[in-house]
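Text of data-v2.txt (compact mmCIF, C-alpha atoms) as supplied:
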```txt
# COMPACT_ATOMS: atom_id res chain seq x y z
CA MET A 12 257.86 -22.22 39.05
CA PRO A 13 258.37 -21.74 35.29
CA ASN A 14 261.92 -22.20 34.09
CA GLN A 15 263.82 -19.78 31.85
CA LEU A 16 262.77 -21.56 28.64
CA GLN A 17 259.11 -21.33 29.56
CA ASN A 18 259.50 -17.62 30.30
CA ARG A 19 261.30 -17.04 27.02
CA VAL A 20 258.69 -18.86 24.92
CA GLY A 21 255.87 -17.22 26.87
CA ASN A 22 257.28 -13.77 26.14
CA TYR A 23 257.58 -14.67 22.46
CA VAL A 24 253.95 -15.79 22.32
CA GLY A 25 252.89 -12.64 24.13
CA LEU A 26 254.59 -10.41 21.57
CA LEU A 27 252.90 -12.26 18.72
CA ASP A 28 249.55 -12.15 20.47
CA THR A 29 249.80 -8.38 21.03
CA ASP A 30 250.47 -7.78 17.34
CA ILE A 31 247.68 -10.15 16.31
CA GLN A 32 245.23 -8.25 18.51
CA VAL A 33 246.23 -4.96 16.84
CA ILE A 34 245.75 -6.53 13.40
CA GLN A 35 242.42 -8.07 14.39
CA LYS A 36 241.17 -4.70 15.64
CA ASN A 37 242.10 -3.15 12.28
CA LEU A 38 240.36 -5.96 10.40
CA ASN A 39 237.20 -5.59 12.47
CA ASP A 40 237.09 -1.83 11.87
CA THR A 41 237.73 -2.26 8.14
CA LYS A 42 234.98 -4.86 7.88
CA THR A 43 232.58 -2.50 9.68
CA LEU A 44 233.57 0.31 7.32
CA ILE A 45 232.60 -1.67 4.22
CA GLU A 46 229.56 -3.50 5.61
CA SER A 47 227.71 -1.12 7.93
CA THR A 48 224.73 0.85 6.65
CA ASN A 49 224.73 3.20 9.65
CA PRO A 50 226.33 6.53 8.67
CA GLU A 51 227.48 7.35 12.19
CA THR A 52 229.12 3.94 12.55
CA ILE A 53 230.88 4.32 9.20
CA HIS A 54 232.15 7.77 10.15
CA GLY A 55 233.38 6.53 13.51
CA VAL A 56 235.41 3.60 12.20
CA ALA A 57 236.73 5.69 9.29
CA GLU A 58 238.02 8.26 11.76
CA THR A 59 239.69 5.44 13.69
CA LEU A 60 241.27 3.89 10.59
CA ILE A 61 242.80 7.15 9.31
CA HIS A 62 244.79 7.24 12.56
CA SER A 63 245.43 3.52 13.09
CA ASN A 64 248.95 2.17 12.79
CA LEU A 65 249.69 -1.36 11.64
CA GLY A 66 253.43 -0.96 12.10
CA THR A 67 253.58 -4.16 14.13
CA ASN A 68 257.00 -5.63 14.84
CA TRP A 69 256.45 -9.38 15.18
CA VAL A 70 253.53 -10.06 12.86
CA LYS A 71 253.87 -8.19 9.58
CA VAL A 72 251.07 -7.28 7.16
CA PRO A 73 252.95 -6.85 3.85
CA ARG A 74 250.11 -5.16 1.94
CA GLN A 75 247.90 -2.60 3.62
CA TYR A 76 245.42 0.09 2.73
CA SER A 77 246.88 3.52 3.42
CA TYR A 78 245.28 6.40 5.33
CA GLU A 79 244.54 8.00 1.94
CA ASP A 80 242.74 4.84 0.82
CA TYR A 81 240.54 4.84 3.92
CA TYR A 82 239.45 8.41 3.13
CA LEU A 83 238.34 7.31 -0.35
CA ILE A 84 236.68 4.13 0.93
CA ALA A 85 234.71 6.22 3.43
CA MET A 86 233.79 8.77 0.74
CA ASP A 87 232.57 5.94 -1.49
CA ARG A 88 230.39 4.57 1.31
CA PHE A 89 228.82 7.97 1.98
CA MET A 90 228.19 8.59 -1.73
CA GLU A 91 226.65 5.13 -1.98
CA LEU A 92 224.26 5.98 0.86
CA SER A 93 223.41 9.34 -0.72
CA GLY A 94 222.82 7.85 -4.18
CA VAL A 95 225.64 9.63 -6.05
CA ALA A 96 226.42 7.97 -9.40
CA GLY A 97 228.72 8.47 -12.37
CA TYR A 98 231.99 7.14 -10.97
CA SER A 99 233.88 3.90 -10.43
CA ILE A 100 236.66 2.76 -8.11
CA LEU A 101 239.71 1.04 -9.62
CA LEU A 102 240.68 -2.15 -7.78
CA PRO A 103 244.13 -3.44 -8.80
CA ILE A 104 244.83 -7.07 -7.93
CA GLU A 105 248.54 -6.42 -7.28
CA SER A 106 248.20 -3.79 -4.55
CA GLU A 107 245.83 -2.42 -1.92
CA LYS A 108 245.31 0.97 -3.58
CA VAL A 109 242.01 2.57 -4.56
CA THR A 110 241.49 5.32 -7.13
CA LEU A 111 238.29 7.08 -8.21
CA VAL A 112 237.57 7.60 -11.91
CA MET A 113 234.60 9.01 -13.78
CA THR A 114 232.78 6.45 -15.91
CA ASP A 115 231.95 8.89 -18.71
CA LEU A 116 234.85 11.25 -19.34
CA ASN A 117 236.73 11.63 -22.61
CA VAL A 118 240.02 12.75 -21.05
CA PRO A 119 242.37 10.75 -18.80
CA ALA A 120 241.72 11.66 -15.18
CA ALA A 121 241.90 9.95 -11.81
CA PHE A 122 241.18 11.09 -8.25
CA ALA A 123 242.58 10.10 -4.86
CA PHE A 124 243.26 11.57 -1.44
CA GLU A 125 246.53 12.97 -0.15
CA THR A 126 246.92 13.37 3.60
CA ASN A 127 247.79 16.79 4.97
CA GLN A 128 251.13 16.58 6.74
CA ASP A 129 250.85 19.55 9.11
CA GLN A 130 249.35 19.62 12.59
CA ASN A 131 245.83 20.24 11.24
CA GLY A 132 245.56 16.75 9.75
CA GLY A 133 242.84 15.93 7.25
CA ALA A 134 243.32 15.15 3.56
CA TYR A 135 243.03 16.75 0.12
CA PHE A 136 240.96 15.27 -2.70
CA VAL A 137 243.29 15.53 -5.70
CA GLU A 138 243.02 15.04 -9.46
CA LEU A 139 246.25 13.15 -10.08
CA THR A 140 247.26 14.25 -13.60
CA SER A 141 246.99 17.97 -12.81
CA GLY A 142 247.65 17.78 -9.08
CA GLU A 143 244.69 20.13 -8.45
CA ARG A 144 243.48 19.99 -4.84
CA LEU A 145 239.69 20.15 -5.20
CA PHE A 146 238.67 20.03 -1.55
CA TYR A 147 239.96 19.54 1.97
CA TRP A 148 238.32 17.08 4.37
CA SER A 149 238.76 16.92 8.14
CA MET A 150 236.81 14.11 9.80
CA GLU A 151 237.94 15.22 13.25
CA ARG A 152 236.59 18.76 12.87
CA LYS A 153 233.71 17.71 10.59
CA GLN A 154 234.77 20.20 7.98
CA ILE A 155 234.91 20.26 4.16
CA GLN A 156 236.30 23.20 2.20
CA PHE A 157 236.16 23.39 -1.57
CA ASN A 158 238.86 25.08 -3.60
CA ALA A 159 237.26 27.39 -6.17
CA ARG A 160 240.52 28.11 -7.96
CA ALA A 161 241.38 24.42 -8.44
CA ILE A 162 237.84 23.53 -9.54
CA VAL A 163 237.92 26.28 -12.19
CA ALA A 164 241.42 25.31 -13.31
CA LEU A 165 240.41 21.65 -13.76
CA LEU A 166 236.86 21.83 -15.12
CA VAL A 167 236.77 25.19 -16.91
CA ALA A 168 240.32 25.92 -18.03
CA ASN A 169 241.51 22.33 -18.53
CA PHE A 170 238.67 19.89 -19.22
CA ALA A 171 236.49 22.30 -21.21
CA SER A 172 239.43 23.05 -23.51
CA GLU A 173 239.86 19.28 -24.01
CA HIS A 174 236.27 19.07 -25.31
CA VAL A 175 234.82 17.55 -22.16
CA THR A 176 231.10 18.19 -22.50
CA ILE A 177 229.07 20.40 -20.18
CA GLU A 178 227.17 17.32 -19.01
CA GLN A 179 230.37 15.42 -18.18
CA ASN A 180 231.78 18.35 -16.21
CA GLN A 181 228.49 18.76 -14.39
CA ILE A 182 228.60 15.11 -13.29
CA ILE A 183 231.90 15.85 -11.55
CA ALA A 184 230.51 19.07 -10.06
CA ASN A 185 227.41 17.20 -8.87
CA LEU A 186 229.55 14.50 -7.25
CA LEU A 187 231.45 17.12 -5.27
CA THR A 188 228.33 19.08 -4.34
CA GLU A 189 226.22 16.08 -3.32
CA PHE A 190 229.03 14.67 -1.20
CA GLY A 191 229.29 18.00 0.63
CA ARG A 192 225.50 18.27 1.02
CA TYR A 193 225.29 14.75 2.46
CA MET A 194 228.03 15.38 5.02
CA GLU A 195 226.41 18.68 5.97
CA ARG A 196 222.94 17.16 6.28
CA VAL A 197 223.77 13.90 8.06
CA PHE A 198 226.72 14.82 10.28
CA GLY A 199 226.32 18.58 10.69
CA TYR A 200 229.54 19.33 8.82
CA THR A 201 230.65 22.89 8.19
CA VAL A 202 231.02 23.05 4.40
CA ASP A 203 232.42 25.93 2.39
CA PHE A 204 230.84 25.33 -1.03
CA ASN A 205 231.88 28.73 -2.47
CA ILE A 206 231.81 28.27 -6.27
CA LEU A 207 229.49 25.23 -5.97
CA GLU A 208 226.82 27.01 -3.91
CA THR A 209 223.42 27.16 -5.65
CA ARG A 210 221.28 29.18 -3.20
CA ASP A 211 219.70 32.27 -4.77
CA ASP A 212 220.40 34.33 -1.66
CA TYR A 213 224.08 33.40 -1.63
CA ILE A 214 226.44 36.30 -2.31
CA TYR A 215 229.75 35.07 -3.71
CA ASN A 216 232.65 36.73 -1.95
CA LEU A 217 235.66 37.49 -4.15
CA ILE A 218 239.38 37.64 -3.59
CA GLN A 219 240.47 40.96 -5.08
CA HIS A 220 244.08 40.84 -6.24
CA ALA A 221 243.92 44.24 -7.94
CA GLN A 222 241.46 47.03 -8.60
CA PRO A 223 239.22 46.10 -11.56
CA GLN A 224 239.80 48.12 -14.72
CA ASP A 225 236.92 48.30 -17.21
CA MET A 226 235.83 44.84 -16.06
CA LEU A 227 232.17 45.20 -16.99
CA ASP A 228 233.03 46.83 -20.32
CA LYS A 229 235.03 43.74 -21.24
CA LEU A 230 232.09 41.47 -20.44
CA PHE A 231 229.83 43.73 -22.50
CA VAL A 232 232.14 43.35 -25.52
CA LEU A 233 232.19 39.54 -25.17
CA SER A 234 228.41 39.40 -24.86
CA ALA A 235 227.93 41.41 -28.06
CA ASP A 236 228.29 38.24 -30.17
CA THR A 237 225.61 36.43 -28.16
CA ASN A 238 221.90 36.82 -27.52
CA TYR A 239 222.56 37.94 -23.96
CA PHE A 240 222.91 41.59 -22.99
CA LEU A 241 224.20 43.36 -19.92
CA GLN A 242 221.88 45.73 -18.14
CA GLY A 243 222.86 48.31 -15.58
CA ILE A 244 221.93 47.84 -11.92
CA PRO A 245 223.00 49.94 -8.93
CA ASN A 246 226.78 49.63 -8.55
CA GLY A 247 227.11 47.00 -11.29
CA ALA A 248 225.45 45.06 -14.06
CA ALA A 249 223.15 42.07 -14.58
CA ILE A 250 222.68 39.68 -17.46
CA SER A 251 219.61 37.52 -18.09
CA LEU A 252 220.40 33.99 -19.26
CA ASN A 253 218.46 30.87 -20.20
CA ASP A 254 216.04 29.03 -17.94
CA HIS A 255 214.98 32.21 -16.09
CA SER A 256 218.45 32.61 -14.58
CA GLU A 257 220.27 35.87 -13.98
CA VAL A 258 223.82 36.80 -13.07
CA ARG A 259 224.56 39.95 -11.09
CA ILE A 260 227.99 41.55 -10.75
CA PHE A 261 228.13 44.44 -8.31
CA PHE A 262 230.13 46.15 -5.59
CA VAL A 263 229.44 47.56 -2.17
CA ASN A 264 231.34 50.50 -0.78
CA ASP A 265 234.02 49.35 1.63
CA ALA A 266 236.86 51.59 2.74
CA ASN A 267 239.00 48.52 3.48
CA ALA A 268 238.72 47.11 -0.06
CA LEU A 269 240.89 47.98 -3.03
CA GLY A 270 239.54 51.19 -4.53
CA ALA A 271 237.02 51.25 -1.65
CA GLN A 272 234.81 48.85 -3.64
CA ARG A 273 234.21 45.23 -2.63
CA TRP A 274 232.89 43.21 -5.57
CA HIS A 275 230.47 40.28 -5.48
CA PHE A 276 228.69 37.84 -7.81
CA GLN A 277 225.17 36.47 -7.47
CA VAL A 278 223.29 33.79 -9.44
CA ILE A 279 219.48 33.87 -9.25
CA ASP A 280 217.14 31.36 -10.90
CA GLY A 281 214.18 31.10 -8.51
CA ARG A 282 214.89 27.43 -7.70
CA ASP A 283 218.30 27.40 -6.01
CA GLN A 284 219.47 25.33 -8.98
CA TYR A 285 222.51 26.99 -10.55
CA SER A 286 225.92 27.84 -9.12
CA TRP A 287 228.60 30.17 -10.44
CA LEU A 288 230.40 27.05 -11.68
CA ASP A 289 227.29 26.05 -13.66
CA ILE A 290 227.34 29.49 -15.28
CA LEU A 291 231.01 29.11 -16.27
CA LEU A 292 230.43 25.65 -17.70
CA THR A 293 227.32 26.64 -19.65
CA TYR A 294 228.22 30.07 -21.02
CA ASP A 295 231.56 30.16 -22.78
CA PHE A 296 231.72 33.96 -23.08
CA ILE A 297 231.32 34.36 -19.30
CA ALA A 298 233.95 31.66 -18.71
CA ARG A 299 236.41 33.46 -21.00
CA TRP A 300 235.71 36.74 -19.23
CA TYR A 301 236.16 35.19 -15.76
CA LEU A 302 239.43 33.47 -16.70
CA SER A 303 240.81 36.66 -18.19
CA GLU A 304 239.89 38.60 -15.02
CA SER A 305 241.11 35.94 -12.55
CA LYS A 306 244.33 37.83 -11.87
CA THR A 307 242.19 40.74 -10.75
CA LEU A 308 239.49 38.90 -8.81
CA GLU A 309 238.21 35.36 -8.28
CA ILE A 310 235.69 33.44 -6.18
CA ALA A 311 236.91 33.35 -2.59
CA TYR A 312 238.22 30.17 -0.98
CA ASP A 313 240.26 29.53 2.17
CA GLN A 314 243.69 30.80 1.16
CA LEU A 315 245.34 29.36 4.25
CA VAL A 316 244.05 25.82 3.72
CA PHE A 317 244.94 26.01 0.02
CA ALA A 318 248.17 27.95 0.36
CA VAL A 319 249.62 25.16 -1.77
CA GLN A 320 247.26 24.79 -4.71
CA GLN A 321 248.65 21.64 -6.31
CA SER A 322 250.08 18.29 -5.29
CA GLU A 323 252.77 16.60 -7.33
CA LYS A 324 251.44 15.58 -10.74
CA GLN A 325 251.32 11.86 -11.49
CA ASP A 326 251.45 9.71 -14.60
CA ILE A 327 248.17 7.80 -14.36
CA GLN A 328 248.74 5.40 -17.25
CA PRO A 329 250.23 2.72 -14.96
CA ILE A 330 247.12 2.98 -12.77
CA PHE A 331 244.83 2.14 -15.68
CA ALA A 332 247.22 -0.50 -17.03
CA GLU A 333 247.04 -2.56 -13.83
CA GLN A 334 244.85 -5.64 -13.92
CA GLN A 335 241.62 -5.00 -12.02
CA GLY A 336 239.76 -7.57 -9.97
CA LEU A 337 237.91 -8.36 -6.76
CA MET A 338 240.46 -10.89 -5.48
CA PRO A 339 243.89 -9.67 -4.36
CA MET A 340 246.73 -11.79 -5.77
CA LEU A 341 250.27 -12.50 -4.63
CA PRO A 342 253.23 -12.22 -7.03
CA ASN A 343 253.49 -15.99 -7.57
CA GLU A 344 249.77 -16.19 -8.36
CA ILE A 345 250.08 -13.36 -10.87
CA GLU A 346 253.07 -15.10 -12.49
CA ALA A 347 251.05 -18.31 -12.87
CA LEU A 348 248.19 -16.35 -14.38
CA GLN A 349 250.57 -14.69 -16.82
CA LYS A 350 251.80 -18.11 -17.94
CA GLN A 351 248.21 -19.20 -18.59
CA VAL A 352 247.59 -16.04 -20.58
CA ARG A 353 250.71 -16.57 -22.67
CA ALA A 354 249.74 -20.20 -23.33
CA GLN A 355 246.27 -19.14 -24.45
CA GLN A 356 247.68 -16.40 -26.68
CA GLU A 357 250.10 -18.90 -28.28
CA ALA A 358 247.26 -21.34 -28.90
CA GLU A 359 245.17 -18.62 -30.49
CA GLN A 360 248.08 -17.52 -32.66
CA LYS A 361 248.74 -21.09 -33.81
CA ALA A 362 245.06 -21.57 -34.65
CA ALA A 363 245.05 -18.31 -36.59
CA GLU A 364 248.13 -19.41 -38.56
CA GLN A 365 246.51 -22.75 -39.37
CA LYS A 366 243.37 -20.99 -40.54
CA ALA A 367 245.37 -18.58 -42.71
CA ALA A 368 247.32 -21.47 -44.26
CA ALA A 369 244.12 -23.34 -45.04
CA GLU A 370 242.57 -20.26 -46.63
CA ALA A 371 245.71 -19.75 -48.70
CA GLU A 372 245.53 -23.34 -49.99
CA VAL A 373 241.91 -22.82 -50.98
CA ALA A 374 242.74 -19.60 -52.79
CA GLN A 375 245.61 -21.25 -54.63
CA ALA A 376 243.44 -24.24 -55.62
CA LYS A 377 240.76 -21.93 -57.00
CA ALA A 378 243.31 -19.99 -59.02
CA GLU A 379 244.84 -23.14 -60.55
CA ASN A 380 241.48 -24.60 -61.47
CA ALA A 381 239.76 -21.52 -62.79
CA ASP A 382 239.40 -23.09 -66.29
CA ALA A 383 238.95 -26.68 -65.16
CA THR A 384 236.04 -28.94 -66.02
CA GLU A 385 232.88 -29.39 -63.99
CA ASN A 386 234.38 -32.44 -62.28
CA THR A 387 237.41 -30.43 -61.25
CA SER A 388 235.10 -27.77 -59.86
CA GLU A 389 233.35 -30.42 -57.82
CA ASP A 390 236.72 -31.57 -56.46
CA ALA A 391 237.51 -28.01 -55.49
CA THR A 392 234.17 -27.77 -53.72
CA SER A 393 235.03 -30.94 -51.84
CA ALA A 394 238.34 -29.38 -50.87
CA ASP A 395 236.48 -26.34 -49.60
CA ILE A 396 234.38 -28.56 -47.38
CA ASP A 397 237.49 -30.24 -46.02
CA VAL A 398 239.10 -26.88 -45.32
CA THR A 399 235.94 -25.60 -43.65
CA SER A 400 235.94 -28.68 -41.46
CA ALA A 401 239.57 -28.02 -40.61
CA GLU A 402 238.73 -24.43 -39.77
CA SER A 403 235.88 -25.54 -37.52
CA GLN A 404 238.16 -27.97 -35.75
CA SER A 405 240.78 -25.26 -35.29
CA GLU A 406 238.25 -22.82 -33.88
CA ALA A 407 236.85 -25.50 -31.58
CA SER A 408 240.33 -26.21 -30.24
CA VAL A 409 240.72 -22.52 -29.40
CA SER A 410 237.34 -22.39 -27.65
CA GLU A 411 238.33 -25.43 -25.58
CA SER A 412 241.49 -23.71 -24.33
CA VAL A 413 241.49 -22.70 -20.68
CA SER A 414 239.63 -19.41 -20.18
CA VAL A 415 241.55 -17.07 -17.91
CA THR A 416 241.32 -13.43 -16.89
CA GLN A 417 243.19 -11.37 -19.48
CA LEU A 418 246.12 -9.42 -18.14
CA THR A 419 246.60 -6.17 -19.99
CA PRO A 420 248.41 -6.69 -23.31
CA LYS A 421 249.83 -3.76 -25.24
CA LYS A 422 246.95 -1.52 -26.17
CA SER A 423 246.09 2.14 -26.44
CA PHE A 424 245.71 4.29 -23.31
CA ASP A 425 242.02 4.83 -24.13
CA ASP A 426 241.52 1.03 -24.26
CA GLU A 427 243.28 0.67 -20.89
CA ILE A 428 241.07 3.34 -19.34
CA GLY A 429 237.91 1.72 -20.69
CA GLU A 430 238.85 -1.75 -19.48
CA ALA A 431 239.87 -0.48 -16.03
CA VAL A 432 236.72 1.57 -15.53
CA HIS A 433 234.27 -1.05 -16.74
CA SER A 434 235.95 -3.89 -14.80
CA SER A 435 235.42 -1.99 -11.56
CA SER A 436 233.16 -3.49 -8.92
CA ASN A 437 231.64 -0.07 -8.28
CA PRO A 438 229.34 0.71 -11.24
CA ALA A 439 228.09 4.16 -12.07
CA GLU A 440 224.47 3.34 -11.40
CA LYS A 441 223.80 2.42 -7.81
```

Using the file provided, produce a representation of the structure as structure tokens.
Amino acid sequence: MPNQLQNRVGNYVGLLDTDIQVIQKNLNDTKTLIESTNPETIHGVAETLIHSNLGTNWVKVPRQYSYEDYYLIAMDRFMELSGVAGYSILLPIESEKVTLVMTDLNVPAAFAFETNQDQNGGAYFVELTSGERLFYWSMERKQIQFNARAIVALLVANFASEHVTIEQNQIIANLLTEFGRYMERVFGYTVDFNILETRDDYIYNLIQHAQPQDMLDKLFVLSADTNYFLQGIPNGAAISLNDHSEVRIFFVNDANALGAQRWHFQVIDGRDQYSWLDILLTYDFIARWYLSESKTLEIAYDQLVFAVQQSEKQDIQPIFAEQQGLMPMLPNEIEALQKQVRAQQEAEQKAAEQKAAAEAEVAQAKAENADATENTSEDATSADIDVTSAESQSEASVSESVSVTQLTPKKSFDDEIGEAVHSSSNPAEK
């Protein structure tokens, strides 16, 4: 019969083993998430990981990916399978935290998920600097809902005013749309595209906050300075645009609507190519009109899901300033790397000082011997050769110094963004 010591040690081992099994299950699921090429398998393990808990008591995992990170990892896998390009994932070596950034965007922006804390679960895809919640994703209910108001606020009101190009904004819009299309096509998701919908037969529903007053007259005035003209249609107006596209703005009689008129938009191009968002991004006068009328009416979205429009805004400069890399590093490893970097920087500075001193000596010698004889000139030339040799030796000593990964020195925010994006392991072209 086992004695008390054996029982005590056995219980201890059992507690450790239980925790290790929980950790191993999480590791197996995470490995499947990043390695599998089967969409259903990826979706299944992602759904498991966003609910898994590594709060083990006896065996601790000090650095873990969060539920929010698993949403973004899963989204990245699905976009990889669907061929979506134009973005990168930041991979800091000091923490298990993933952030999505656009590879070609001339304003600071970063995207991540924020879990919904009420009983409905799911997560919001958020632009961190503005806090705009662009869409809601529920894996359990296989549901994605886009937020028309947030998309307009970010891409039309914000980015466009910061001189983000139409093409850059459309890359973001395409990323959102293609992700939704893939989830709809492969998993049978219910997706509310609203402002992103491109079907010709799609009638955009509107949220009417007030009864429109001279709404079409205002658009007519704005169009007067363009080559596009409004034409009357039953209960509204239409405007022909480029590439055989047409926008229609009209109402239907509805006793339950404000003023007994329920307004709608429609975009027709014959190819199911353009959405209302495309129209806003392409035609500035329509964008200005829509923004000015947004307190009266706007493209409909789920007002319950997006009762809170924005998450807390974040300063993203620290995210871009973090050293990026494929290999996670512990604090002592990072400290050792920093020492190597400092040593290399000191060696480079010393070599630069030696080179500057040598060049100064040459300049001084040339000044003193400007009127010297031919022999003196030859001596100066010899001195030049000696200095050049010294310079070569100095440069060689720098090149022989230990090459290490550069941690981020003081530099501009734009430089930090560029380095972070281009050091990512997830290139734009897949």

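Comparing the minimum interatomic distances between Ala164 of chain A and each of A:Leu348, A:Ile100, A:Ile84, A:Leu291, counting all atoms listed in the file, we find that A:Leu291 sits nearest.
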
All residues 6 Å or closer to Val202 of chain A, all atoms listed in the file, same chain fewer than 2 positions away omitted, as number ranges by chain: A: 154-156, 200, 204

Around (216.5, 28.6, -14.6), as given in the file, which residues come within 8 Å? Count all atoms listed in the file and list them as a PDB file with C-alpha atoms, keeping the file's coordinate frame.
```
ATOM      1  CA  ASN A 253     218.460  30.870 -20.200  1.00  0.00           C
ATOM      2  CA  ASP A 254     216.040  29.030 -17.940  1.00  0.00           C
ATOM      3  CA  HIS A 255     214.980  32.210 -16.090  1.00  0.00           C
ATOM      4  CA  SER A 256     218.450  32.610 -14.580  1.00  0.00           C
ATOM      5  CA  ASP A 280     217.140  31.360 -10.900  1.00  0.00           C
ATOM      6  CA  GLY A 281     214.180  31.100  -8.510  1.00  0.00           C
ATOM      7  CA  ARG A 282     214.890  27.430  -7.700  1.00  0.00           C
ATOM      8  CA  GLN A 284     219.470  25.330  -8.980  1.00  0.00           C
ATOM      9  CA  TYR A 285     222.510  26.990 -10.550  1.00  0.00           C
TER      10      TYR A 285
END
```

Counting all atoms listed in the file, the residue of A:Phe240, A:Trp287, A:Trp300, A:Phe136 that sits nearest Tyr82 of chain A: A:Phe136

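Nearest-residue note for Arg88 of chain A: choosing from A:Ile53, A:Ala121, A:Val112, A:Met338, the minimum distance belongs to A:Ile53, counting all atoms listed in the file.
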
Exercise: segment 66-68 of chain A partners within 10 Å, all atoms listed in the file, chain neighbours under 4 positions left out, as number ranges by chain: A: 26-27, 29-31, 33-34, 72

Polymer residues at most 10 Å from (251.2, -0.6, 4.0) by all atoms listed in the file, as number ranges by chain: A: 64-66, 71-78, 106-108

10 Å contact set for Glu323 of chain A, all atoms listed in the file, chain neighbours under 6 positions out, as an NGL selection string: :A and (137 or 139-143)

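For the residues A:Val70, A:Pro13, A:Asn380, A:Phe296, ranking by smallest atom-to-atom distance to Gly25 of chain A using all atoms listed in the file places A:Val70 first.
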
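If all atoms listed in the file are the atoms counted, then among A:Leu116, A:Ala367, A:Ala161, A:Met86 the closest residue to Gln314 of chain A is A:Ala161.
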
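Checking A:Ile183, A:Val258, A:Ala298, A:Ile177 one by one against Gly97 of chain A, counting all atoms listed in the file, you find the shortest gap at A:Ile183.
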
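Atom CA of Trp274 of chain A is found 11.4 Å from atom CA of Ala248 of chain A.
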
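Reported to one decimal place, the separation of atom CA of Phe124 of chain A from atom CA of Leu92 of chain A is 19.9 Å.
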
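The space between atom CA of Phe198 of chain A and atom CA of Thr52 of chain A spans 11.4 Å.
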
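Using all atoms listed in the file, the contacts of segment 229-239 of chain A at a cut-off of 12 Å, with sequence neighbours closer than 4 positions omitted, comprise A:Pro223, A:Gln224, A:Asp225, A:Gly243, A:Gly247, A:Ala248, A:Ala249, A:Ile250, A:Ser251, A:Leu252, A:Asn253, A:Ser256, A:Glu257, A:Val258, A:Ile260, A:Tyr294, A:Asp295, A:Phe296, A:Ile297, A:Ala298, A:Arg299, A:Trp300, A:Tyr301, A:Leu302, A:Ser303, A:Glu304.
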
Sort by chain and increasing residue number a table of all residues of segment 167-267 of chain A within 12 Å of segment 45-50 of chain A, each with its closest pair of atoms and their distance in Å to one decimal, counting all atoms listed in the file, and write it as a Markdown table.
```
| residue | atom | partner | partner_atom | distance |
| --- | --- | --- | --- | --- |
| A:Tyr193 | CA | A:Pro50 | CA | 10.4 |
| A:Met194 | CA | A:Pro50 | CA | 9.7 |
| A:Arg196 | CA | A:Pro50 | CA | 11.4 |
| A:Val197 | CA | A:Pro50 | CA | 7.8 |
| A:Phe198 | CA | A:Pro50 | CA | 8.5 |
```

Spatial neighbours of Glu105 of chain A, max dist 10 Å, all atoms listed in the file, sep filter under 2 positions, as a VMD selection string: chain A and resid 74 102 to 103 107 to 108 333 to 336 338 to 342 344 to 345

Kindly list the centre and edge lengths in Å, rounded to one decimal, for the axis-aligned box that covers all listed atoms of segment 278-293 of chain A plus 8 Å on each of its six sides, as AutoDock Vina command-line options.
```
--center_x 222.6 --center_y 29.6 --center_z -12.8 --size_x 32.8 --size_y 24.5 --size_z 29.6
```
